[in-house]
>>> print(open('final33.cif').read())   # mmCIF, C-alpha atoms and all ligand atoms
data_upload
#
loop_
_atom_site.label_atom_id
_atom_site.label_comp_id
_atom_site.auth_asym_id
_atom_site.auth_seq_id
_atom_site.Cartn_x
_atom_site.Cartn_y
_atom_site.Cartn_z
CA THR A 260 4.25 34.13 13.53
CA GLY A 261 4.43 35.55 9.98
CA MET A 262 2.00 35.08 7.12
CA VAL A 263 0.11 31.81 7.18
CA THR A 264 -1.62 30.65 3.98
CA VAL A 265 -4.14 27.84 3.72
CA ASP A 266 -3.25 24.94 1.45
CA PRO A 267 -6.02 22.32 1.74
CA GLY A 268 -4.81 18.86 0.83
CA PHE A 269 -1.24 20.24 0.70
CA MET A 270 -1.51 20.82 -3.05
CA ASN A 271 1.48 23.10 -2.96
CA THR A 272 3.34 22.43 0.27
CA ALA A 273 6.47 20.30 0.45
CA SER A 274 6.80 18.78 3.92
CA CYS A 275 10.39 17.60 3.56
CA GLU A 276 13.38 17.06 1.33
CA SER A 277 13.84 13.42 0.33
CA GLU A 278 16.36 11.33 -1.60
CA ILE A 279 14.18 8.24 -1.90
CA THR A 280 11.62 8.47 -4.69
CA TYR A 281 11.35 10.71 -7.73
CA ILE A 282 8.08 11.31 -9.57
CA ASP A 283 7.58 13.44 -12.65
CA GLY A 284 3.79 13.49 -12.78
CA ASP A 285 3.53 15.22 -16.16
CA ALA A 286 5.87 12.79 -17.89
CA GLY A 287 4.62 9.72 -15.97
CA ILE A 288 8.05 8.87 -14.54
CA LEU A 289 8.71 7.01 -11.27
CA ARG A 290 12.16 6.15 -9.94
CA TYR A 291 13.36 4.63 -6.66
CA ARG A 292 16.77 6.02 -5.68
CA GLY A 293 17.29 6.96 -9.34
CA TYR A 294 16.36 3.56 -10.79
CA ALA A 295 13.42 3.47 -13.22
CA ILE A 296 10.41 1.56 -11.90
CA ASP A 297 10.09 -0.59 -15.02
CA GLN A 298 13.70 -1.83 -14.73
CA LEU A 299 13.21 -2.68 -11.06
CA ALA A 300 9.88 -4.41 -11.71
CA GLU A 301 11.41 -6.41 -14.54
CA LYS A 302 14.77 -7.36 -13.05
CA SER A 303 14.81 -6.95 -9.28
CA SER A 304 13.06 -8.67 -6.39
CA PHE A 305 10.95 -7.25 -3.59
CA LEU A 306 13.49 -7.61 -0.78
CA GLU A 307 16.26 -6.20 -2.97
CA VAL A 308 14.08 -3.18 -3.70
CA ALA A 309 13.32 -2.89 0.03
CA TYR A 310 17.06 -2.81 0.71
CA LEU A 311 17.55 -0.19 -2.01
CA LEU A 312 14.80 2.07 -0.67
CA ILE A 313 15.91 1.74 2.94
CA HIS A 314 19.70 1.80 2.52
CA GLY A 315 19.99 3.93 -0.61
CA GLU A 316 22.04 1.51 -2.73
CA LEU A 317 21.45 -1.84 -4.38
CA PRO A 318 22.97 -4.52 -2.13
CA SER A 319 26.12 -6.45 -3.05
CA PRO A 320 25.54 -10.22 -3.34
CA SER A 321 26.70 -10.80 0.25
CA GLU A 322 24.66 -7.87 1.61
CA HIS A 323 21.66 -9.18 -0.32
CA ASP A 324 21.96 -12.71 1.04
CA ALA A 325 22.51 -11.55 4.61
CA PHE A 326 19.46 -9.27 4.44
CA VAL A 327 17.18 -11.91 2.91
CA GLU A 328 18.38 -14.51 5.41
CA ARG A 329 17.79 -12.15 8.33
CA VAL A 330 14.27 -11.25 7.20
CA ASN A 331 13.45 -14.93 6.61
CA ARG A 332 14.65 -15.90 10.08
CA HIS A 333 12.24 -13.42 11.66
CA THR A 334 9.09 -14.51 9.80
CA LEU A 335 7.96 -16.75 12.65
CA VAL A 336 5.73 -14.91 15.12
CA HIS A 337 5.36 -15.49 18.86
CA GLU A 338 2.64 -18.02 19.74
CA ASP A 339 0.84 -15.35 21.77
CA PHE A 340 0.83 -13.20 18.66
CA ARG A 341 -0.92 -15.99 16.75
CA THR A 342 -3.50 -16.14 19.53
CA PHE A 343 -3.88 -12.36 19.35
CA MET A 344 -4.50 -12.58 15.58
CA GLY A 345 -7.24 -15.09 16.35
CA THR A 346 -9.20 -12.76 18.60
CA PHE A 347 -10.68 -10.51 15.89
CA PRO A 348 -14.07 -11.28 14.36
CA ARG A 349 -13.44 -13.40 11.27
CA ASP A 350 -15.32 -11.09 8.96
CA GLY A 351 -13.84 -7.88 10.41
CA HIS A 352 -12.06 -5.89 7.75
CA PRO A 353 -8.47 -7.13 7.43
CA MET A 354 -7.08 -3.59 7.17
CA ALA A 355 -8.26 -2.91 10.74
CA VAL A 356 -6.75 -6.19 11.91
CA MET A 357 -3.51 -5.44 10.08
CA ALA A 358 -3.13 -1.97 11.60
CA SER A 359 -3.82 -3.42 15.05
CA ALA A 360 -1.37 -6.27 14.51
CA ILE A 361 1.44 -3.99 13.33
CA ASN A 362 0.78 -1.65 16.25
CA ALA A 363 0.89 -4.61 18.65
CA LEU A 364 4.39 -5.58 17.46
CA SER A 365 5.81 -2.89 19.75
CA THR A 366 4.52 -4.85 22.76
CA PHE A 367 6.16 -8.08 21.56
CA TYR A 368 9.51 -6.53 20.66
CA PRO A 369 10.21 -3.78 23.22
CA GLU A 370 13.93 -4.17 22.48
CA SER A 371 13.35 -2.72 19.00
CA LEU A 372 11.89 0.66 19.93
CA ASP A 373 14.76 3.15 20.30
CA PRO A 374 14.44 5.39 17.23
CA PHE A 375 17.93 6.87 17.67
CA ASP A 376 20.00 3.70 17.82
CA ASP A 377 21.04 2.46 14.36
CA GLU A 378 21.15 -1.23 15.22
CA THR A 379 17.79 -1.12 16.93
CA VAL A 380 16.25 0.64 13.96
CA GLU A 381 17.70 -2.01 11.65
CA LEU A 382 16.18 -4.71 13.86
CA ALA A 383 12.77 -3.01 13.75
CA THR A 384 13.13 -2.76 9.95
CA VAL A 385 13.74 -6.48 9.59
CA LEU A 386 10.97 -7.32 12.06
CA LEU A 387 8.46 -5.19 10.16
CA LEU A 388 9.31 -6.71 6.78
CA ALA A 389 9.24 -10.23 8.19
CA LYS A 390 6.19 -10.06 10.45
CA SER A 391 4.04 -8.10 8.00
CA ARG A 392 4.39 -10.97 5.53
CA THR A 393 3.21 -13.51 8.13
CA ILE A 394 0.47 -11.19 9.35
CA THR A 395 -0.87 -10.69 5.81
CA SER A 396 -1.09 -14.44 5.20
CA TYR A 397 -2.87 -14.84 8.57
CA LEU A 398 -5.41 -12.19 7.58
CA HIS A 399 -6.48 -14.45 4.75
CA ARG A 400 -6.31 -17.70 6.78
CA ARG A 401 -8.48 -16.26 9.54
CA ARG A 402 -11.13 -15.12 7.10
CA VAL A 403 -11.45 -18.52 5.50
CA GLY A 404 -11.14 -20.40 8.80
CA GLU A 405 -7.95 -22.26 7.95
CA PRO A 406 -5.10 -22.90 10.43
CA LEU A 407 -2.29 -20.38 10.66
CA LEU A 408 0.79 -22.03 9.13
CA TYR A 409 4.41 -21.68 10.20
CA PRO A 410 6.96 -20.19 7.81
CA ASP A 411 9.41 -22.32 5.84
CA TYR A 412 12.81 -20.57 5.94
CA SER A 413 14.05 -22.39 2.87
CA ARG A 414 11.61 -20.64 0.55
CA GLY A 415 11.74 -17.14 -0.89
CA TYR A 416 9.82 -14.25 0.66
CA VAL A 417 6.99 -14.16 -1.88
CA GLU A 418 6.97 -17.89 -2.52
CA ASP A 419 6.57 -18.73 1.15
CA PHE A 420 4.00 -15.98 1.60
CA LEU A 421 1.84 -17.67 -1.05
CA ARG A 422 2.35 -21.07 0.57
CA MET A 423 1.40 -19.76 4.02
CA THR A 424 -1.66 -18.10 2.49
CA PHE A 425 -2.97 -20.87 0.28
CA ALA A 426 -1.46 -24.22 1.29
CA VAL A 427 -3.40 -26.95 3.05
CA PRO A 428 -1.58 -28.45 6.09
CA TYR A 429 0.43 -31.64 5.47
CA MET A 430 0.02 -31.39 1.73
CA GLN A 431 2.81 -30.60 -0.68
CA TYR A 432 2.42 -27.06 -1.97
CA ASP A 433 4.24 -25.71 -4.98
CA SER A 434 3.43 -22.20 -5.98
CA ASP A 435 3.09 -21.36 -9.63
CA PRO A 436 6.26 -19.45 -10.68
CA THR A 437 4.11 -17.11 -12.79
CA VAL A 438 2.14 -16.16 -9.70
CA VAL A 439 5.29 -15.72 -7.58
CA ASP A 440 6.83 -13.45 -10.23
CA ALA A 441 3.65 -11.45 -10.70
CA LEU A 442 3.17 -10.86 -6.97
CA ASP A 443 6.85 -9.97 -6.53
CA LYS A 444 6.45 -7.40 -9.29
CA LEU A 445 3.27 -5.97 -7.74
CA LEU A 446 4.96 -5.58 -4.37
CA ILE A 447 7.87 -3.75 -6.06
CA LEU A 448 5.44 -1.40 -7.83
CA HIS A 449 3.85 -0.52 -4.49
CA ALA A 450 7.07 -0.22 -2.49
CA ASP A 451 7.22 3.57 -2.29
CA HIS A 452 5.50 6.62 -3.70
CA GLU A 453 7.06 9.60 -1.89
CA GLN A 454 4.79 11.85 0.21
CA ASN A 455 1.37 10.27 -0.37
CA CYS A 456 -1.33 10.32 2.31
CA SER A 457 -0.17 7.23 4.25
CA THR A 458 3.54 8.06 4.03
CA SER A 459 2.93 11.62 5.17
CA THR A 460 0.95 10.12 8.05
CA VAL A 461 3.85 7.85 8.97
CA ARG A 462 6.18 10.87 8.97
CA VAL A 463 3.87 13.10 10.99
CA VAL A 464 3.29 10.42 13.63
CA GLY A 465 7.01 9.59 13.73
CA SER A 466 7.90 13.25 14.05
CA SER A 467 6.55 13.12 17.60
CA HIS A 468 9.13 10.35 18.24
CA ALA A 469 6.36 7.76 18.44
CA ASN A 470 7.87 4.34 17.69
CA ILE A 471 8.10 2.93 14.16
CA TYR A 472 5.27 0.40 14.68
CA ALA A 473 2.89 3.11 15.89
CA SER A 474 3.90 5.26 12.92
CA VAL A 475 3.46 2.49 10.34
CA ALA A 476 0.15 1.36 11.90
CA ALA A 477 -1.10 4.93 11.44
CA GLY A 478 0.03 4.72 7.80
CA ILE A 479 -1.95 1.51 7.32
CA ASN A 480 -5.06 3.23 8.63
CA ALA A 481 -4.52 6.12 6.21
CA LEU A 482 -4.05 3.65 3.37
CA SER A 483 -7.38 1.96 4.10
CA GLY A 484 -9.45 4.84 2.71
CA PRO A 485 -11.06 4.37 -0.73
CA LEU A 486 -9.40 7.50 -2.12
CA HIS A 487 -6.00 5.95 -1.32
CA GLY A 488 -5.07 2.25 -1.10
CA GLY A 489 -8.66 1.20 -0.49
CA ALA A 490 -9.28 2.08 -4.14
CA ASN A 491 -8.13 -1.35 -5.31
CA GLU A 492 -10.95 -3.01 -3.40
CA SER A 493 -13.41 -0.31 -4.55
CA VAL A 494 -12.47 -0.89 -8.20
CA LEU A 495 -13.47 -4.53 -7.99
CA LYS A 496 -16.69 -3.60 -6.23
CA MET A 497 -17.43 -1.08 -8.99
CA LEU A 498 -16.71 -3.57 -11.79
CA THR A 499 -18.84 -6.23 -10.11
CA GLU A 500 -21.70 -3.77 -9.67
CA ILE A 501 -21.55 -2.76 -13.31
CA GLN A 502 -21.55 -6.43 -14.31
CA GLY A 503 -24.48 -7.29 -12.06
CA SER A 504 -26.61 -4.20 -12.55
CA GLY A 505 -27.42 -4.65 -16.20
CA THR A 506 -26.48 -1.02 -16.91
CA THR A 507 -24.04 -0.45 -19.73
CA VAL A 508 -20.52 0.81 -19.26
CA GLN A 509 -21.61 3.93 -21.16
CA ASP A 510 -24.44 4.56 -18.67
CA PHE A 511 -22.08 4.18 -15.74
CA MET A 512 -19.68 6.66 -17.34
CA SER A 513 -22.47 9.21 -17.79
CA LYS A 514 -23.17 8.91 -14.08
CA VAL A 515 -19.52 9.56 -13.30
CA LYS A 516 -19.36 12.57 -15.60
CA ASN A 517 -22.57 14.04 -14.19
CA LYS A 518 -21.16 13.43 -10.72
CA GLU A 519 -24.40 11.65 -9.80
CA ASP A 520 -24.36 10.67 -6.11
CA GLY A 521 -20.68 11.61 -6.07
CA VAL A 522 -19.83 8.52 -8.15
CA ARG A 523 -16.20 8.46 -9.26
CA LEU A 524 -14.42 6.15 -11.62
CA MET A 525 -12.40 4.31 -8.99
CA GLY A 526 -8.81 3.58 -9.96
CA PHE A 527 -8.64 6.75 -12.02
CA GLY A 528 -6.97 10.07 -11.30
CA HIS A 529 -4.01 11.02 -9.19
CA ARG A 530 -2.77 14.08 -7.34
CA VAL A 531 0.66 13.95 -8.98
CA TYR A 532 0.29 11.97 -12.22
CA LYS A 533 -1.29 14.01 -14.96
CA ASN A 534 -0.33 11.29 -17.40
CA TYR A 535 -0.60 7.49 -17.50
CA ASP A 536 0.57 6.14 -14.11
CA PRO A 537 3.71 4.16 -15.07
CA ARG A 538 2.77 1.51 -12.51
CA ALA A 539 -0.66 1.05 -14.10
CA ALA A 540 0.96 0.43 -17.48
CA ILE A 541 3.05 -2.40 -16.01
CA VAL A 542 0.11 -3.81 -14.04
CA LYS A 543 -2.14 -3.84 -17.11
CA LYS A 544 0.37 -5.93 -19.07
CA SER A 545 0.81 -8.22 -16.10
CA ALA A 546 -2.98 -8.65 -15.68
CA ASP A 547 -3.24 -9.87 -19.24
CA ALA A 548 -0.30 -12.26 -18.79
CA VAL A 549 -1.34 -13.67 -15.39
CA LEU A 550 -4.96 -14.24 -16.38
CA SER A 551 -4.01 -16.02 -19.57
CA THR A 552 -1.29 -18.17 -17.92
CA LEU A 553 -3.67 -19.17 -15.15
CA GLY A 554 -6.30 -19.82 -17.78
CA LYS A 555 -8.71 -17.53 -15.94
CA ARG A 556 -10.77 -15.43 -18.24
CA ASP A 557 -12.50 -12.68 -16.30
CA GLU A 558 -15.32 -10.68 -17.78
CA LEU A 559 -14.46 -7.93 -15.30
CA LEU A 560 -11.19 -7.35 -17.19
CA ASP A 561 -13.20 -6.68 -20.34
CA ILE A 562 -15.35 -4.19 -18.41
CA ALA A 563 -12.23 -2.50 -17.01
CA MET A 564 -10.65 -2.20 -20.45
CA GLU A 565 -13.87 -0.82 -21.88
CA LEU A 566 -14.05 1.78 -19.08
CA GLU A 567 -10.45 2.79 -19.74
CA ASP A 568 -11.03 3.00 -23.46
CA ILE A 569 -14.02 5.29 -23.04
CA ALA A 570 -12.26 7.44 -20.44
CA LEU A 571 -9.12 8.00 -22.47
CA ASN A 572 -11.22 9.31 -25.37
CA ASP A 573 -13.66 11.42 -23.37
CA ASP A 574 -13.33 15.18 -22.85
CA TYR A 575 -14.28 14.99 -19.15
CA PHE A 576 -11.25 12.79 -18.43
CA ILE A 577 -8.95 14.44 -20.98
CA GLU A 578 -9.57 17.96 -19.62
CA ARG A 579 -8.95 16.83 -16.06
CA LYS A 580 -5.97 14.66 -17.04
CA LEU A 581 -7.47 11.57 -15.43
CA TYR A 582 -5.69 8.31 -16.28
CA PRO A 583 -5.77 4.83 -14.74
CA ASN A 584 -3.72 4.68 -11.54
CA VAL A 585 -1.97 1.69 -9.96
CA ASP A 586 -5.18 0.46 -8.33
CA PHE A 587 -7.20 0.09 -11.55
CA TYR A 588 -5.99 -3.35 -12.66
CA THR A 589 -4.29 -4.82 -9.57
CA GLY A 590 -7.48 -6.27 -8.05
CA LEU A 591 -8.10 -8.39 -11.14
CA ILE A 592 -4.67 -9.99 -10.71
CA TYR A 593 -5.11 -10.54 -6.96
CA LYS A 594 -8.52 -12.08 -7.65
CA ALA A 595 -7.08 -14.46 -10.24
CA MET A 596 -4.45 -15.47 -7.67
CA GLY A 597 -7.19 -16.44 -5.22
CA PHE A 598 -7.43 -13.39 -2.95
CA GLU A 599 -10.82 -11.99 -2.04
CA PRO A 600 -11.40 -8.23 -2.44
CA ALA A 601 -10.96 -7.42 1.29
CA MET A 602 -7.36 -8.67 0.99
CA PHE A 603 -6.39 -6.30 -1.83
CA THR A 604 -5.52 -3.31 0.36
CA PRO A 605 -3.53 -5.40 2.88
CA LEU A 606 -1.46 -6.57 -0.12
CA PHE A 607 -0.87 -2.92 -1.01
CA ALA A 608 0.23 -2.33 2.61
CA LEU A 609 2.61 -5.29 2.50
CA GLY A 610 4.16 -3.81 -0.63
CA ARG A 611 4.37 -0.29 0.82
CA MET A 612 6.15 -1.45 3.98
CA PRO A 613 9.69 -0.72 2.68
CA GLY A 614 8.66 2.79 1.66
CA TRP A 615 7.13 3.64 5.03
CA ILE A 616 10.22 2.31 6.78
CA ALA A 617 12.64 4.14 4.48
CA GLN A 618 10.73 7.42 4.83
CA TRP A 619 10.47 7.10 8.61
CA ARG A 620 14.22 6.39 8.85
CA GLU A 621 15.12 9.26 6.54
CA MET A 622 12.98 11.61 8.61
CA MET A 623 14.51 10.52 11.92
CA LYS A 624 18.01 11.21 10.53
CA ASP A 625 17.16 14.50 8.88
CA PRO A 626 18.44 17.48 10.91
CA GLN A 627 15.66 19.61 9.37
CA THR A 628 12.93 17.43 10.92
CA LYS A 629 10.65 19.12 13.42
CA ILE A 630 7.45 17.85 14.93
CA GLY A 631 4.70 17.92 12.28
CA ARG A 632 2.42 20.69 13.36
CA PRO A 633 0.50 22.52 10.62
CA ARG A 634 -1.02 25.92 11.29
CA GLN A 635 -4.60 26.99 10.62
CA ILE A 636 -6.60 30.09 9.92
CA TYR A 637 -9.24 30.45 12.60
CA THR A 638 -12.73 31.27 11.31
CA GLY A 639 -14.86 30.64 14.40
CA ALA A 640 -16.61 32.95 16.84
CA THR A 641 -14.60 35.73 18.38
CA GLN A 642 -14.61 36.08 22.15
CA ARG A 643 -17.90 35.37 23.94
CA ASP A 644 -19.04 35.13 27.57
CA TYR A 645 -20.12 31.83 29.09
CA VAL A 646 -23.86 31.51 29.68
CA ASP A 647 -25.01 29.34 32.55
CA LEU A 648 -26.74 26.06 31.52
CA SER A 649 -29.95 27.07 33.29
CA ALA A 650 -30.01 30.37 31.40
CA ARG A 651 -29.80 28.77 27.90
N1 LIG A 701 -13.60 9.97 -11.41
C1 LIG A 701 -14.27 11.06 -11.81
N2 LIG A 701 -13.83 12.31 -11.62
C2 LIG A 701 -12.66 12.48 -11.00
C3 LIG A 701 -11.90 11.39 -10.53
C4 LIG A 701 -12.42 10.09 -10.77
N3 LIG A 701 -11.75 9.02 -10.34
N4 LIG A 701 -10.78 11.84 -9.94
C5 LIG A 701 -10.83 13.18 -10.02
N5 LIG A 701 -11.96 13.58 -10.67
C6 LIG A 701 -12.35 14.95 -11.00
C7 LIG A 701 -12.85 15.70 -9.78
O1 LIG A 701 -14.23 15.54 -9.62
C8 LIG A 701 -12.43 17.10 -10.10
O2 LIG A 701 -13.37 17.60 -11.04
P1 LIG A 701 -13.78 19.16 -11.04
O3 LIG A 701 -12.56 19.90 -11.48
O4 LIG A 701 -14.94 19.24 -12.01
O5 LIG A 701 -14.18 19.48 -9.62
C9 LIG A 701 -11.10 16.93 -10.84
O6 LIG A 701 -11.18 15.62 -11.43
C10 LIG A 701 -9.87 17.03 -9.93
O7 LIG A 701 -10.02 16.06 -8.88
P2 LIG A 701 -9.57 16.28 -7.38
O8 LIG A 701 -10.45 15.45 -6.51
O9 LIG A 701 -9.46 17.75 -7.09
O10 LIG A 701 -8.09 15.66 -7.44
P3 LIG A 701 -7.20 15.26 -6.20
O11 LIG A 701 -5.80 15.39 -6.64
O12 LIG A 701 -7.61 16.00 -4.98
O13 LIG A 701 -7.59 13.72 -5.97
C11 LIG A 701 -7.67 11.37 -6.16
C12 LIG A 701 -6.85 12.64 -6.40
C13 LIG A 701 -6.79 10.16 -6.44
C14 LIG A 701 -8.12 11.33 -4.70
C15 LIG A 701 -8.90 11.37 -7.10
O14 LIG A 701 -8.48 11.35 -8.44
C16 LIG A 701 -9.84 10.19 -6.84
O15 LIG A 701 -10.71 10.27 -5.98
N6 LIG A 701 -9.69 9.05 -7.59
C17 LIG A 701 -10.48 7.85 -7.34
C18 LIG A 701 -9.88 7.06 -6.17
C19 LIG A 701 -8.58 6.39 -6.55
O16 LIG A 701 -8.46 5.72 -7.56
N7 LIG A 701 -7.57 6.52 -5.66
C20 LIG A 701 -6.26 5.88 -5.84
C21 LIG A 701 -5.18 6.88 -6.02
S1 LIG A 701 -3.66 6.20 -6.69
C22 LIG A 701 -2.83 5.19 -5.56
C23 LIG A 701 -3.29 5.20 -4.17
O17 LIG A 701 -3.07 6.20 -3.46
O18 LIG A 701 -3.84 4.20 -3.75
#
>>> encode(input="final33.cif", output="structure tokens")
Amino acid sequence: TGMVTVDPGFMNTASCESEITYIDGDAGILRYRGYAIDQLAEKSSFLEVAYLLIHGELPSPSEHDAFVERVNRHTLVHEDFRTFMGTFPRDGHPMAVMASAINALSTFYPESLDPFDDETVELATVLLLAKSRTITSYLHRRRVGEPLLYPDYSRGYVEDFLRMTFAVPYMQYDSDPTVVDALDKLLILHADHEQNCSTSTVRVVGSSHANIYASVAAGINALSGPLHGGANESVLKMLTEIQGSGTTVQDFMSKVKNKEDGVRLMGFGHRVYKNYDPRAAIVKKSADAVLSTLGKRDELLDIAMELEDIALNDDYFIERKLYPNVDFYTGLIYKAMGFEPAMFTPLFALGRMPGWIAQWREMMKDPQTKIGRPRQIYTGATQRDYVDLSAR
């Protein structure tokens, strides 16, 4: 018992102590295990960052190679799993398929379920990183009706992901190094973000000792919402609507400010950042670079930049400290790479995988962990007597 206070949206409630990710929302700082996000995005690689988040330290060269090799070796999925991936309607939303596929991994790898055995947890970690890459490429292949390709162990994680996603069978495929680098960077930027909605979901589900696949699948479902990871898809939809509607960017912004029909500027605002999201700053630069290297001019980028420009100089956004978040420019890069909008949030999920795993593992080891079970303040009817159906 004791005093219970309501804190909707957990604005002011810390659910755990964590050593993984540091955010200073007022200063716009993000660090993984003490390393600044811009250094990691610039110099590291996705699997190295995954190792850092999960194990707490940057790997030595031999640890790095062993980890990469182990993940690579597990990228092949069971043939029955390929069949399973083929049973969803082709135009079903890939986030639903992805959550189902990750959940289903527990049935294919029952030897990886003990949450209290270190080696088993490490196996599940590697399986999740490896299979999620294959699953994400299959999400795209299924939508476009192309055959599901097998992995090529000799290629890097991101490089082979792009090949499995975009290559045509029996044809040489060489991915553009600019695209490989840009996607690697994007995955790093998404790799963790402390106790956001999906990560908190992963922790709450895991706190019941549900297995890691069930916990991460729940996180994927949380991520799918447009206020969270689904925002990257919504941003593109918004930009396309502005482009097609004939209304000016100014008119759209008036609608946002007047809160007409609950319209929000998607890709703007954040619970923790009250300054420019450091990830968005990196993504914006990358968007410019990728689009120009690929020679793809996109009028939607001009619309996005115009929206940002207006927002950053407008009292509505200044007073509320609303800045572009990570989702504002990512879709334009994914689009230039050849992904359709429905694939944007699965790419976010692929990137967030190391964070969910690291947070789940930290929670399972933390002696302070208890089952997640918030309290409430009851506001319903007080005691009443049952009235028989015939008497109502
Ligand atoms: N456009 C217009 N107004 C906004 C926006 C926006 N994008 N975001 C917040 N506001 C307003 C909101 O209406 C409120 O105004 P008022 O004080 O007059 O009621 C004020 O700003 C505070 O907003 P809030 O909803 O109380 O803030 P929150 O911390 O609960 O929500 C958020 C954070 C990210 C859900 C919200 O900013 C939002 O809906 N943004 C658009 C969706 C989006 O881009 N989500 C991605 C988040 S970043 C990474 C990720 O998780 O994927």
>>> residues_near_ligand(input="final33.cif", ligand="ligand LIG 701 (chain A)", cutoff="9 Å", atoms="only C-alpha atoms and all ligand atoms", output="NGL selection string")
:A and (268 or 270 or 449 or 452 or 455-457 or 482-491 or 493-494 or 512 or 515-516 or 518 or 521-532 or 536 or 575-576 or 578-587 or 604 or 607)
>>> closest_residue(input="final33.cif", among="A:Ser365, A:Gln298, A:Gln618, A:Gln431", to="Lys444 of chain A", atoms="all atoms listed in the file")
A:Gln298
>>> atom_distance(input="final33.cif", atom1="atom CA of Tyr397 of chain A", atom2="atom CA of Thr424 of chain A")
7.0 Å
>>> axis_aligned_box(input="final33.cif", around="segment 494-503 of chain A", padding_each_side="5 Å", output="lines of an AutoDock Vina configuration file")
center_x = -18.5
center_y = -4.1
center_z = -10.3
size_x = 22.0
size_y = 16.4
size_z = 18.1
>>> residues_around(input="final33.cif", residues="Asp440 of chain A", least_positions_apart="5", cutoff="9 Å", atoms="all atoms listed in the file", output="MDAnalysis selection string")
chainID A and resid 304 417:418 435 445
>>> closest_residue(input="final33.cif", among="A:Leu311, A:Phe347, A:Leu289, A:His337", to="Thr366 of chain A", atoms="all atoms listed in the file")
A:His337
>>> atom_distance(input="final33.cif", atom1="atom CA of Leu442 of chain A", atom2="atom CA of Phe343 of chain A")
27.3 Å
>>> closest_residue(input="final33.cif", among="A:Ala595, A:Ile501, A:Ala570, A:Val265", to="Gln635 of chain A", atoms="only C-alpha atoms")
A:Val265
>>> atom_distance(input="final33.cif", atom1="atom CA of Asn534 of chain A", atom2="atom CA of Asp283 of chain A")
9.5 Å
>>> decode(input="final33.cif", residues="segment 536-548 of chain A", atoms="N, CA and C atoms", output="PDB file, in the first residue's frame")
ATOM      1  N   ASP A 536      17.041  16.628 -32.251  1.00  0.00           N
ATOM      2  CA  ASP A 536      17.384  15.211 -32.052  1.00  0.00           C
ATOM      3  C   ASP A 536      18.735  14.961 -32.756  1.00  0.00           C
ATOM      4  N   PRO A 537      19.772  14.554 -31.995  1.00  0.00           N
ATOM      5  CA  PRO A 537      21.098  14.411 -32.618  1.00  0.00           C
ATOM      6  C   PRO A 537      21.091  13.399 -33.758  1.00  0.00           C
ATOM      7  N   ARG A 538      20.182  12.438 -33.701  1.00  0.00           N
ATOM      8  CA  ARG A 538      20.082  11.451 -34.779  1.00  0.00           C
ATOM      9  C   ARG A 538      19.547  12.112 -36.047  1.00  0.00           C
ATOM     10  N   ALA A 539      18.566  13.018 -35.870  1.00  0.00           N
ATOM     11  CA  ALA A 539      17.972  13.691 -37.034  1.00  0.00           C
ATOM     12  C   ALA A 539      19.016  14.536 -37.752  1.00  0.00           C
ATOM     13  N   ALA A 540      19.918  15.138 -36.988  1.00  0.00           N
ATOM     14  CA  ALA A 540      20.956  15.971 -37.602  1.00  0.00           C
ATOM     15  C   ALA A 540      21.838  15.113 -38.511  1.00  0.00           C
ATOM     16  N   ILE A 541      22.191  13.913 -38.040  1.00  0.00           N
ATOM     17  CA  ILE A 541      23.040  13.027 -38.840  1.00  0.00           C
ATOM     18  C   ILE A 541      22.265  12.516 -40.060  1.00  0.00           C
ATOM     19  N   VAL A 542      20.992  12.151 -39.829  1.00  0.00           N
ATOM     20  CA  VAL A 542      20.168  11.628 -40.921  1.00  0.00           C
ATOM     21  C   VAL A 542      19.977  12.680 -42.019  1.00  0.00           C
ATOM     22  N   LYS A 543      19.781  13.930 -41.617  1.00  0.00           N
ATOM     23  CA  LYS A 543      19.549  14.993 -42.601  1.00  0.00           C
ATOM     24  C   LYS A 543      20.751  15.136 -43.529  1.00  0.00           C
ATOM     25  N   LYS A 544      21.946  15.129 -42.940  1.00  0.00           N
ATOM     26  CA  LYS A 544      23.168  15.218 -43.753  1.00  0.00           C
ATOM     27  C   LYS A 544      23.253  14.033 -44.700  1.00  0.00           C
ATOM     28  N   SER A 545      22.948  12.846 -44.137  1.00  0.00           N
ATOM     29  CA  SER A 545      23.042  11.622 -44.918  1.00  0.00           C
ATOM     30  C   SER A 545      22.022  11.626 -46.063  1.00  0.00           C
ATOM     31  N   ALA A 546      20.827  12.153 -45.816  1.00  0.00           N
ATOM     32  CA  ALA A 546      19.789  12.210 -46.851  1.00  0.00           C
ATOM     33  C   ALA A 546      20.287  13.000 -48.051  1.00  0.00           C
ATOM     34  N   ASP A 547      20.866  14.145 -47.755  1.00  0.00           N
ATOM     35  CA  ASP A 547      21.438  14.984 -48.807  1.00  0.00           C
ATOM     36  C   ASP A 547      22.481  14.216 -49.609  1.00  0.00           C
ATOM     37  N   ALA A 548      23.402  13.554 -48.880  1.00  0.00           N
ATOM     38  CA  ALA A 548      24.517  12.842 -49.511  1.00  0.00           C
ATOM     39  C   ALA A 548      24.022  11.663 -50.349  1.00  0.00           C
TER      40      ALA A 548
END
